[in-house]
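Colleague: mmCIF, C-alpha atoms and all ligand atoms, saved as data32.cif, coming up:
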```cif
data_model
loop_
_atom_site.group_PDB
_atom_site.id
_atom_site.type_symbol
_atom_site.label_atom_id
_atom_site.label_comp_id
_atom_site.auth_asym_id
_atom_site.auth_seq_id
_atom_site.Cartn_x
_atom_site.Cartn_y
_atom_site.Cartn_z
ATOM 1 C CA MET N 159 87.576 92.966 112.170
ATOM 2 C CA THR N 160 91.262 93.778 112.001
ATOM 3 C CA THR N 161 93.381 93.413 115.096
ATOM 4 C CA VAL N 162 95.322 96.483 116.179
ATOM 5 C CA TYR N 163 97.937 97.144 118.847
ATOM 6 C CA LEU N 164 97.433 99.865 121.439
ATOM 7 C CA ASN N 165 99.668 100.489 124.455
ATOM 8 C CA GLY N 166 100.694 96.908 125.095
ATOM 9 C CA LYS N 167 97.513 95.098 123.979
ATOM 10 C CA PHE N 168 96.307 93.472 120.768
ATOM 11 C CA LEU N 169 92.571 94.022 120.335
ATOM 12 C CA PRO N 170 89.848 94.412 117.678
ATOM 13 C CA ALA N 171 90.053 97.843 116.009
ATOM 14 C CA ASP N 172 86.591 98.904 117.237
ATOM 15 C CA GLN N 173 87.612 98.308 120.853
ATOM 16 C CA ALA N 174 90.821 100.355 120.741
ATOM 17 C CA CYS N 175 90.259 103.760 122.352
ATOM 18 C CA VAL N 176 92.524 106.739 122.996
ATOM 19 C CA PRO N 177 91.766 109.412 125.649
ATOM 20 C CA VAL N 178 90.405 112.687 124.213
ATOM 21 C CA LEU N 179 93.285 114.616 125.793
ATOM 22 C CA ASP N 180 95.841 112.602 123.857
ATOM 23 C CA ARG N 181 98.099 115.162 122.163
ATOM 24 C CA GLY N 182 97.826 113.217 118.923
ATOM 25 C CA PHE N 183 94.094 113.966 118.951
ATOM 26 C CA ILE N 184 94.385 117.553 120.210
ATOM 27 C CA PHE N 185 97.501 118.776 118.356
ATOM 28 C CA GLY N 186 98.565 116.088 115.859
ATOM 29 C CA ASP N 187 101.589 115.836 118.152
ATOM 30 C CA GLY N 188 103.201 112.588 117.069
ATOM 31 C CA VAL N 189 105.097 110.703 114.396
ATOM 32 C CA TYR N 190 104.458 107.601 112.309
ATOM 33 C CA GLU N 191 105.847 105.020 109.922
ATOM 34 C CA VAL N 192 104.346 102.856 107.183
ATOM 35 C CA ILE N 193 106.231 99.585 106.713
ATOM 36 C CA PRO N 194 105.308 96.975 104.116
ATOM 37 C CA ALA N 195 105.613 93.278 104.939
ATOM 38 C CA TYR N 196 105.930 90.828 102.041
ATOM 39 C CA GLY N 197 105.074 87.210 102.837
ATOM 40 C CA GLY N 198 105.546 88.042 106.528
ATOM 41 C CA THR N 199 108.980 89.689 106.101
ATOM 42 C CA LEU N 200 109.280 93.338 107.068
ATOM 43 C CA PHE N 201 110.601 95.481 104.215
ATOM 44 C CA ARG N 202 113.754 97.396 105.186
ATOM 45 C CA PHE N 203 112.899 97.216 108.874
ATOM 46 C CA ASP N 204 116.186 98.724 110.122
ATOM 47 C CA GLU N 205 115.886 101.674 107.739
ATOM 48 C CA HIS N 206 112.284 102.329 108.796
ATOM 49 C CA LEU N 207 113.250 102.146 112.470
ATOM 50 C CA GLN N 208 116.155 104.526 111.933
ATOM 51 C CA ARG N 209 113.822 107.028 110.262
ATOM 52 C CA LEU N 210 111.348 106.582 113.136
ATOM 53 C CA GLN N 211 114.138 107.317 115.619
ATOM 54 C CA ASN N 212 115.118 110.439 113.657
ATOM 55 C CA SER N 213 111.499 111.661 113.684
ATOM 56 C CA LEU N 214 111.155 110.960 117.427
ATOM 57 C CA ASP N 215 114.408 112.780 118.182
ATOM 58 C CA ALA N 216 113.344 115.760 116.067
ATOM 59 C CA VAL N 217 110.107 116.197 118.041
ATOM 60 C CA ARG N 218 111.583 115.160 121.403
ATOM 61 C CA ILE N 219 109.475 112.100 122.098
ATOM 62 C CA PRO N 220 111.384 109.200 123.716
ATOM 63 C CA ASN N 221 111.276 105.941 121.770
ATOM 64 C CA PRO N 222 108.924 103.758 123.840
ATOM 65 C CA LEU N 223 110.316 100.463 122.507
ATOM 66 C CA SER N 224 113.649 98.889 121.656
ATOM 67 C CA THR N 225 114.342 97.707 118.097
ATOM 68 C CA ALA N 226 113.709 94.135 119.261
ATOM 69 C CA GLY N 227 110.478 95.289 120.910
ATOM 70 C CA TRP N 228 109.258 96.867 117.656
ATOM 71 C CA ARG N 229 110.166 93.741 115.722
ATOM 72 C CA THR N 230 108.198 91.540 118.120
ATOM 73 C CA LEU N 231 105.194 93.875 118.104
ATOM 74 C CA LEU N 232 105.033 94.127 114.308
ATOM 75 C CA GLY N 233 105.715 90.397 113.888
ATOM 76 C CA GLU N 234 102.761 89.624 116.154
ATOM 77 C CA LEU N 235 100.542 92.100 114.269
ATOM 78 C CA ILE N 236 101.408 90.380 110.978
ATOM 79 C CA VAL N 237 100.449 86.988 112.418
ATOM 80 C CA GLN N 238 97.196 88.309 113.915
ATOM 81 C CA ASN N 239 96.141 89.881 110.620
ATOM 82 C CA ASP N 240 96.858 86.905 108.435
ATOM 83 C CA SER N 241 97.205 88.262 104.906
ATOM 84 C CA ASP N 242 100.112 87.640 102.593
ATOM 85 C CA ASP N 243 101.332 91.184 101.966
ATOM 86 C CA GLN N 244 100.532 93.836 104.555
ATOM 87 C CA SER N 245 101.056 97.517 105.094
ATOM 88 C CA LEU N 246 101.856 98.157 108.752
ATOM 89 C CA TYR N 247 101.149 101.559 110.211
ATOM 90 C CA LEU N 248 102.638 102.602 113.522
ATOM 91 C CA GLN N 249 102.150 105.835 115.390
ATOM 92 C CA ILE N 250 103.563 107.316 118.565
ATOM 93 C CA THR N 251 102.062 110.408 120.146
ATOM 94 C CA ARG N 252 103.353 112.431 123.077
ATOM 95 C CA GLY N 253 100.546 111.004 125.231
ATOM 96 C CA SER N 254 97.760 112.616 127.286
ATOM 97 C CA ALA N 255 98.022 115.884 129.196
ATOM 98 C CA GLU N 256 96.006 119.025 129.901
ATOM 99 C CA ARG N 257 95.897 121.057 126.665
ATOM 100 C CA ASP N 258 98.905 123.368 126.516
ATOM 101 C CA HIS N 259 101.202 123.977 123.563
ATOM 102 C CA ALA N 260 104.286 123.528 125.764
ATOM 103 C CA MET N 261 105.535 119.967 125.888
ATOM 104 C CA PRO N 262 104.317 118.346 129.105
ATOM 105 C CA LEU N 263 106.780 116.647 131.422
ATOM 106 C CA ASN N 264 106.600 112.937 132.125
ATOM 107 C CA THR N 265 103.723 111.916 129.836
ATOM 108 C CA VAL N 266 103.642 108.324 128.681
ATOM 109 C CA PRO N 267 103.707 108.143 124.851
ATOM 110 C CA THR N 268 100.753 106.458 123.174
ATOM 111 C CA VAL N 269 101.807 103.580 120.927
ATOM 112 C CA PHE N 270 99.451 102.406 118.215
ATOM 113 C CA ALA N 271 99.909 100.026 115.275
ATOM 114 C CA MET N 272 97.588 98.543 112.679
ATOM 115 C CA SER N 273 97.774 96.491 109.502
ATOM 116 C CA LYS N 274 96.034 96.671 106.123
ATOM 117 C CA PRO N 275 96.281 94.157 103.285
ATOM 118 C CA LEU N 276 98.737 95.454 100.697
ATOM 119 C CA HIS N 277 97.478 94.921 97.164
ATOM 120 C CA PRO N 278 99.809 94.963 94.166
ATOM 121 C CA VAL N 279 99.591 98.154 92.123
ATOM 122 C CA ASN N 280 96.948 97.575 89.528
ATOM 123 C CA GLN N 281 97.950 96.467 86.063
ATOM 124 C CA HIS N 282 96.099 99.299 84.326
ATOM 125 C CA ILE N 283 98.218 101.863 86.190
ATOM 126 C CA ARG N 284 101.431 100.023 85.339
ATOM 127 C CA GLU N 285 100.489 100.003 81.672
ATOM 128 C CA HIS N 286 99.043 103.492 81.373
ATOM 129 C CA GLY N 287 100.515 105.454 84.271
ATOM 130 C CA VAL N 288 98.796 108.127 86.336
ATOM 131 C CA VAL N 289 97.952 111.795 86.007
ATOM 132 C CA ALA N 290 99.718 114.333 88.258
ATOM 133 C CA ILE N 291 99.519 118.085 88.690
ATOM 134 C CA THR N 292 101.989 120.557 90.147
ATOM 135 C CA LEU N 293 100.978 122.623 93.163
ATOM 136 C CA ASP N 294 102.791 125.101 95.375
ATOM 137 C CA ASP N 295 104.254 123.362 98.394
ATOM 138 C CA ILE N 296 102.271 124.865 101.258
ATOM 139 C CA ARG N 297 103.870 122.631 103.907
ATOM 140 C CA TRP N 298 106.336 123.595 106.626
ATOM 141 C CA GLN N 299 110.147 123.566 106.716
ATOM 142 C CA ARG N 300 110.601 120.195 108.440
ATOM 143 C CA CYS N 301 109.221 117.836 105.823
ATOM 144 C CA HIS N 302 111.899 115.269 106.697
ATOM 145 C CA ILE N 303 110.018 114.498 109.937
ATOM 146 C CA LYS N 304 107.299 111.896 109.438
ATOM 147 C CA ALA N 305 104.792 113.810 111.541
ATOM 148 C CA ILE N 306 101.153 112.751 111.906
ATOM 149 C CA SER N 307 100.003 116.370 111.450
ATOM 150 C CA LEU N 308 99.310 116.080 107.712
ATOM 151 C CA LEU N 309 96.645 118.700 107.009
ATOM 152 C CA PRO N 310 98.654 120.425 104.220
ATOM 153 C CA ASN N 311 99.342 117.059 102.566
ATOM 154 C CA ILE N 312 95.649 116.199 102.786
ATOM 155 C CA LEU N 313 94.638 119.504 101.173
ATOM 156 C CA LEU N 314 97.221 119.044 98.412
ATOM 157 C CA ARG N 315 96.247 115.448 97.649
ATOM 158 C CA GLN N 316 92.562 116.376 97.617
ATOM 159 C CA GLU N 317 93.226 119.284 95.259
ATOM 160 C CA ALA N 318 94.923 116.799 92.923
ATOM 161 C CA LEU N 319 91.973 114.388 93.150
ATOM 162 C CA ASP N 320 89.503 117.225 92.554
ATOM 163 C CA GLN N 321 91.366 117.989 89.335
ATOM 164 C CA GLY N 322 91.244 114.350 88.212
ATOM 165 C CA ALA N 323 94.874 113.615 89.130
ATOM 166 C CA ALA N 324 96.303 110.884 91.368
ATOM 167 C CA GLU N 325 98.970 113.007 93.035
ATOM 168 C CA ALA N 326 100.282 116.551 93.435
ATOM 169 C CA ILE N 327 103.969 117.231 92.762
ATOM 170 C CA LEU N 328 105.017 120.006 95.109
ATOM 171 C CA ILE N 329 106.998 123.033 93.959
ATOM 172 C CA ARG N 330 108.934 125.279 96.334
ATOM 173 C CA ASP N 331 111.114 128.136 95.084
ATOM 174 C CA GLY N 332 110.940 126.776 91.533
ATOM 175 C CA LEU N 333 112.065 123.275 92.559
ATOM 176 C CA ALA N 334 110.030 120.063 92.458
ATOM 177 C CA ASN N 335 110.738 118.244 95.722
ATOM 178 C CA GLU N 336 108.288 115.363 96.119
ATOM 179 C CA GLY N 337 104.611 114.406 95.955
ATOM 180 C CA ALA N 338 102.002 114.972 98.678
ATOM 181 C CA ALA N 339 102.702 111.407 99.887
ATOM 182 C CA SER N 340 105.477 110.148 97.603
ATOM 183 C CA ASN N 341 109.028 110.862 96.440
ATOM 184 C CA LEU N 342 109.882 112.070 92.966
ATOM 185 C CA PHE N 343 112.200 110.730 90.254
ATOM 186 C CA ILE N 344 112.640 111.925 86.685
ATOM 187 C CA VAL N 345 114.569 110.590 83.726
ATOM 188 C CA ILE N 346 116.131 113.384 81.719
ATOM 189 C CA ASP N 347 119.107 113.563 79.357
ATOM 190 C CA GLY N 348 119.741 109.858 79.945
ATOM 191 C CA GLU N 349 119.988 110.173 83.741
ATOM 192 C CA LEU N 350 117.725 109.107 86.585
ATOM 193 C CA ILE N 351 117.400 112.081 88.942
ATOM 194 C CA THR N 352 115.853 112.537 92.385
ATOM 195 C CA PRO N 353 116.143 115.594 94.642
ATOM 196 C CA PRO N 354 118.647 115.308 97.510
ATOM 197 C CA THR N 355 117.323 114.749 101.026
ATOM 198 C CA GLY N 356 116.921 117.818 103.225
ATOM 199 C CA PRO N 357 114.183 119.671 105.110
ATOM 200 C CA PHE N 358 111.810 119.873 102.123
ATOM 201 C CA LEU N 359 111.177 116.190 101.551
ATOM 202 C CA LEU N 360 110.735 112.930 103.402
ATOM 203 C CA PRO N 361 113.725 110.591 103.003
ATOM 204 C CA GLY N 362 111.662 107.761 101.524
ATOM 205 C CA ILE N 363 112.676 104.175 102.138
ATOM 206 C CA THR N 364 111.441 103.256 98.650
ATOM 207 C CA ARG N 365 113.527 106.142 97.262
ATOM 208 C CA ASP N 366 116.604 104.672 98.964
ATOM 209 C CA LEU N 367 115.972 101.235 97.507
ATOM 210 C CA ILE N 368 115.551 102.666 94.005
ATOM 211 C CA LEU N 369 118.856 104.522 94.321
ATOM 212 C CA GLU N 370 120.480 101.308 95.550
ATOM 213 C CA LEU N 371 119.027 99.297 92.651
ATOM 214 C CA ALA N 372 120.246 101.964 90.217
ATOM 215 C CA ARG N 373 123.717 101.773 91.769
ATOM 216 C CA THR N 374 123.978 97.990 91.711
ATOM 217 C CA ASN N 375 122.599 97.692 88.182
ATOM 218 C CA GLY N 376 124.697 100.316 86.454
ATOM 219 C CA ILE N 377 121.832 102.763 85.887
ATOM 220 C CA VAL N 378 123.173 106.303 85.547
ATOM 221 C CA HIS N 379 121.650 108.332 88.366
ATOM 222 C CA ARG N 380 122.197 111.452 90.435
ATOM 223 C CA GLU N 381 120.712 113.209 93.461
ATOM 224 C CA ARG N 382 120.244 116.841 92.520
ATOM 225 C CA ASN N 383 117.543 119.482 92.470
ATOM 226 C CA ILE N 384 114.832 119.269 89.811
ATOM 227 C CA ARG N 385 113.672 122.578 88.385
ATOM 228 C CA ARG N 386 110.057 123.001 87.332
ATOM 229 C CA ASP N 387 111.050 123.352 83.663
ATOM 230 C CA GLU N 388 113.002 120.070 83.818
ATOM 231 C CA LEU N 389 109.974 118.337 85.265
ATOM 232 C CA GLN N 390 107.977 119.642 82.320
ATOM 233 C CA ARG N 391 110.404 118.279 79.722
ATOM 234 C CA ALA N 392 111.338 115.019 81.489
ATOM 235 C CA ASP N 393 111.292 111.766 79.491
ATOM 236 C CA GLU N 394 109.902 109.904 82.506
ATOM 237 C CA ILE N 395 108.430 110.917 85.848
ATOM 238 C CA TRP N 396 107.958 108.442 88.704
ATOM 239 C CA LEU N 397 106.407 108.743 92.146
ATOM 240 C CA THR N 398 107.510 106.289 94.813
ATOM 241 C CA SER N 399 106.226 105.158 98.197
ATOM 242 C CA SER N 400 106.000 102.051 100.353
ATOM 243 C CA THR N 401 102.370 101.432 99.465
ATOM 244 C CA LYS N 402 102.397 102.491 95.786
ATOM 245 C CA GLU N 403 105.934 101.272 94.999
ATOM 246 C CA ILE N 404 106.742 103.027 91.690
ATOM 247 C CA LEU N 405 104.043 104.915 89.806
ATOM 248 C CA PRO N 406 104.809 106.211 86.330
ATOM 249 C CA VAL N 407 103.312 109.653 85.662
ATOM 250 C CA THR N 408 102.217 109.885 82.035
ATOM 251 C CA MET N 409 100.319 113.162 82.141
ATOM 252 C CA LEU N 410 101.468 116.277 83.993
ATOM 253 C CA ASP N 411 99.366 119.442 84.147
ATOM 254 C CA ASN N 412 97.297 118.314 81.136
ATOM 255 C CA THR N 413 100.371 117.601 78.992
ATOM 256 C CA SER N 414 101.680 114.135 78.077
ATOM 257 C CA VAL N 415 104.999 113.120 79.598
ATOM 258 C CA ALA N 416 107.124 112.193 76.525
ATOM 259 C CA SER N 417 105.112 109.592 74.552
ATOM 260 C CA GLY N 418 102.379 109.476 77.209
ATOM 261 C CA LYS N 419 103.279 105.851 78.085
ATOM 262 C CA PRO N 420 105.337 104.502 81.013
ATOM 263 C CA GLY N 421 108.950 104.664 79.856
ATOM 264 C CA PRO N 422 111.615 101.956 79.391
ATOM 265 C CA LEU N 423 113.572 102.808 82.543
ATOM 266 C CA PHE N 424 110.368 102.540 84.574
ATOM 267 C CA GLN N 425 109.785 99.038 83.138
ATOM 268 C CA ARG N 426 113.336 98.063 84.036
ATOM 269 C CA MET N 427 113.221 99.488 87.564
ATOM 270 C CA LEU N 428 109.824 97.915 88.233
ATOM 271 C CA ALA N 429 111.244 94.489 87.307
ATOM 272 C CA LEU N 430 114.243 95.052 89.614
ATOM 273 C CA TYR N 431 111.920 96.166 92.410
ATOM 274 C CA GLN N 432 109.621 93.160 92.027
ATOM 275 C CA ASN N 433 112.640 90.885 92.036
ATOM 276 C CA TYR N 434 113.866 92.463 95.283
ATOM 277 C CA LYS N 435 110.432 91.894 96.876
ATOM 278 C CA GLN N 436 110.385 88.307 95.650
ATOM 279 C CA GLN N 437 113.710 87.623 97.368
ATOM 280 C CA LEU N 438 112.191 88.831 100.639
ATOM 281 C CA ARG N 439 109.325 86.369 100.311
ATOM 282 C CA LYS N 440 111.673 83.390 100.099
ATOM 283 C CA PRO N 441 111.945 81.475 103.397
HETATM 284 N N1 LIG Z 1 103.891 108.204 102.829
HETATM 285 N N2 LIG Z 1 107.053 111.698 100.905
HETATM 286 C C1 LIG Z 1 105.945 111.808 101.645
HETATM 287 C C2 LIG Z 1 105.447 113.188 101.972
HETATM 288 C C3 LIG Z 1 105.275 110.670 102.096
HETATM 289 O O1 LIG Z 1 104.176 110.797 102.866
HETATM 290 C C4 LIG Z 1 105.763 109.379 101.732
HETATM 291 C C5 LIG Z 1 105.097 108.109 102.172
HETATM 292 C C6 LIG Z 1 106.935 109.301 100.950
HETATM 293 C C7 LIG Z 1 107.553 107.985 100.558
HETATM 294 O O2 LIG Z 1 108.207 107.375 101.665
HETATM 295 P P1 LIG Z 1 108.359 105.792 101.758
HETATM 296 O O3 LIG Z 1 109.018 105.340 100.496
HETATM 297 O O4 LIG Z 1 109.205 105.566 102.948
HETATM 298 O O5 LIG Z 1 106.980 105.211 101.888
HETATM 299 C C8 LIG Z 1 107.553 110.485 100.562
HETATM 300 C C9 LIG Z 1 103.268 107.076 103.429
HETATM 301 C C10 LIG Z 1 103.219 105.831 102.611
HETATM 302 C C11 LIG Z 1 101.933 107.477 104.014
HETATM 303 O O6 LIG Z 1 101.861 108.581 104.525
HETATM 304 O O7 LIG Z 1 100.986 106.691 104.002
#
```
Just dump the structure as structure tokens.
Modeller:
Amino acid sequence: MTTVYLNGKFLPADQACVPVLDRGFIFGDGVYEVIPAYGGTLFRFDEHLQRLQNSLDAVRIPNPLSTAGWRTLLGELIVQNDSDDQSLYLQITRGSAERDHAMPLNTVPTVFAMSKPLHPVNQHIREHGVVAITLDDIRWQRCHIKAISLLPNILLRQEALDQGAAEAILIRDGLANEGAASNLFIVIDGELITPPTGPFLLPGITRDLILELARTNGIVHRERNIRRDELQRADEIWLTSSTKEILPVTMLDNTSVASGKPGPLFQRMLALYQNYKQQLRKP
């Protein structure tokens, strides 16, 4: 049984209970983060905490812990769950109150965290890539907030799975912004491109690292909008997230992406990414 953290206590997952009037349960009124830990070291902890703070500020929930407090909590969770690489999930909701859309005064936020073993992306996917489809982005206008209310994302991901794809790439006003739970990169005309941050995508921590690795390794790259037609003629398409790292898309809407194999820049970036992770593991 995995050990989870709830409101100040570490306990077995099946003993952790939240009141039914918790606004996370009633309204999906809360925010979250997913932070990988490699060999016990938190991946880009400060960046994740900054994004958490931005999400909390955007929905007007006070941060219940200091940065040091979060570090201690997550460090303890890593120790209690004892696996080499872990994916840590943390969630803060506005707390319990009588059901009313208006934000209640003086509720105590609910703080929850759990850990799952983080398995390396499977070799078959790295060699052959994944299938993706494009779908209209049916989400709201604040996609930069990492909110726990994810029903549109769930519907979009499931639609992709129903069509035999691993992920949906979301199109809004003719632009491809991101996946249902991942950021988007393409390689086109010799450049690595990702859409700029803004209200229509989550500023991914993996995305940031990839841009940094491109910068420090002389890979030509740019943040700019990606039109649907560019997505369709891209030489490479990647999806990125903390748990999936970098996934090469080799089939989009039933058409092969370039040769239908993961491309050379993907291979290069994957090696750079693995190297970065390896450095974290060193004592
Ligand atoms: N999701 N965009 C969306 C909509 C996401 O849900 C995610 C990650 C990302 C990538 O962000 P990052 O690189 O910081 O993981 C982009 C997480 C993993 C999840 O919901 O489980």
Colleague: Enumerate, as a list in words, the residues matched when the PyMOL selection byres (((not hetatm)) within 7 of (chain Z and resi 1)) is run on the file above.
Modeller: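 Applied to this file, the PyMOL selection byres (((not hetatm)) within 7 of (chain Z and resi 1)) selects Val192, Glu336, Gly337, Ala338, Ala339, Ser340, Asn341, Leu359, Leu360, Pro361, Gly362, Ile363, Thr364, Arg365, Thr398, Ser399, Ser400 and Thr401 of chain N.
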Colleague: At what distance in Å, to one decimal, does CA of Trp396 (chain N) lie from CA of His282 (chain N)?
Modeller: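 Straight-line distance from CA of His282 (chain N) to CA of Trp396 (chain N) works out to 15.6 Å.
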Colleague: With the PyMOL selection byres (((chain N and resi 413) around 12) and not hetatm) as the selection, what would be picked from this file? Answer as a ChimeraX atom specification, please.
Modeller: /N:289-292,389-392,407-412,414-418
Colleague: Write out as number ranges by chain which residues come within 9 Å of Met159 (chain N) when counting all atoms listed in the file, dropping same-chain ones fewer than 5 positions away.
Modeller: N: 170-172
Colleague: What is the distance, in Å and to one decimal place, between CA of Lys304 (chain N) and CA of Gln238 (chain N)?
Modeller: 26.0 Å
Colleague: On this file, the PyMOL selection byres (((chain N and resi 423-440) around 8) and not hetatm) gives some set of residues; write that set as a list of chain:residue names.
Modeller: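 This file gives the following for the PyMOL selection byres (((chain N and resi 423-440) around 8) and not hetatm): N:Tyr196, N:Gly197, N:Gly198, N:Thr199, N:Phe201, N:Val345, N:Ile368, N:Leu371, N:Ala372, N:Glu394, N:Trp396, N:Ile404, N:Pro406, N:Pro420, N:Gly421, N:Pro422, N:Pro441.
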Colleague: Which residues are close to region 383-388 of chain N, i.e. within 8 Å by only C-alpha atoms, leaving aside same-chain residues fewer than 6 positions away? Reply as a PDB file with C-alpha atoms, keeping the file's coordinate frame.
Modeller:
```pdb
ATOM      1  CA  ILE N 329     106.998 123.033  93.959  1.00  0.00           C
ATOM      2  CA  GLY N 332     110.940 126.776  91.533  1.00  0.00           C
ATOM      3  CA  LEU N 333     112.065 123.275  92.559  1.00  0.00           C
ATOM      4  CA  ALA N 334     110.030 120.063  92.458  1.00  0.00           C
ATOM      5  CA  ASN N 335     110.738 118.244  95.722  1.00  0.00           C
ATOM      6  CA  ILE N 346     116.131 113.384  81.719  1.00  0.00           C
ATOM      7  CA  ILE N 351     117.400 112.081  88.942  1.00  0.00           C
ATOM      8  CA  THR N 352     115.853 112.537  92.385  1.00  0.00           C
ATOM      9  CA  PRO N 353     116.143 115.594  94.642  1.00  0.00           C
ATOM     10  CA  PRO N 354     118.647 115.308  97.510  1.00  0.00           C
TER      11      PRO N 354
END
```
Colleague: Neighbouring residues of Val178 (chain N) were defined as those with any atom within 9 Å, considering all atoms listed in the file; residues of the same chain fewer than 4 positions away were excluded. Please report them as a list in words.
Modeller: Phe183, Ile184 and Ser254 of chain N
Colleague: Determine, counting all atoms listed in the file, which protein, DNA and RNA residues have an atom within 12 Å of an atom of Glu234 (chain N); residues of the same chain fewer than 3 positions away are not included. Present the result as a VMD selection string.
Modeller: chain N and resid 161 to 163 166 to 169 198 to 200 227 to 231 237 to 240 246 271 to 273
Colleague: By how many Å are CA of Asn375 (chain N) and CA of Leu276 (chain N) apart?
Modeller: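 CA of Leu276 (chain N) lies 27.0 Å from CA of Asn375 (chain N).
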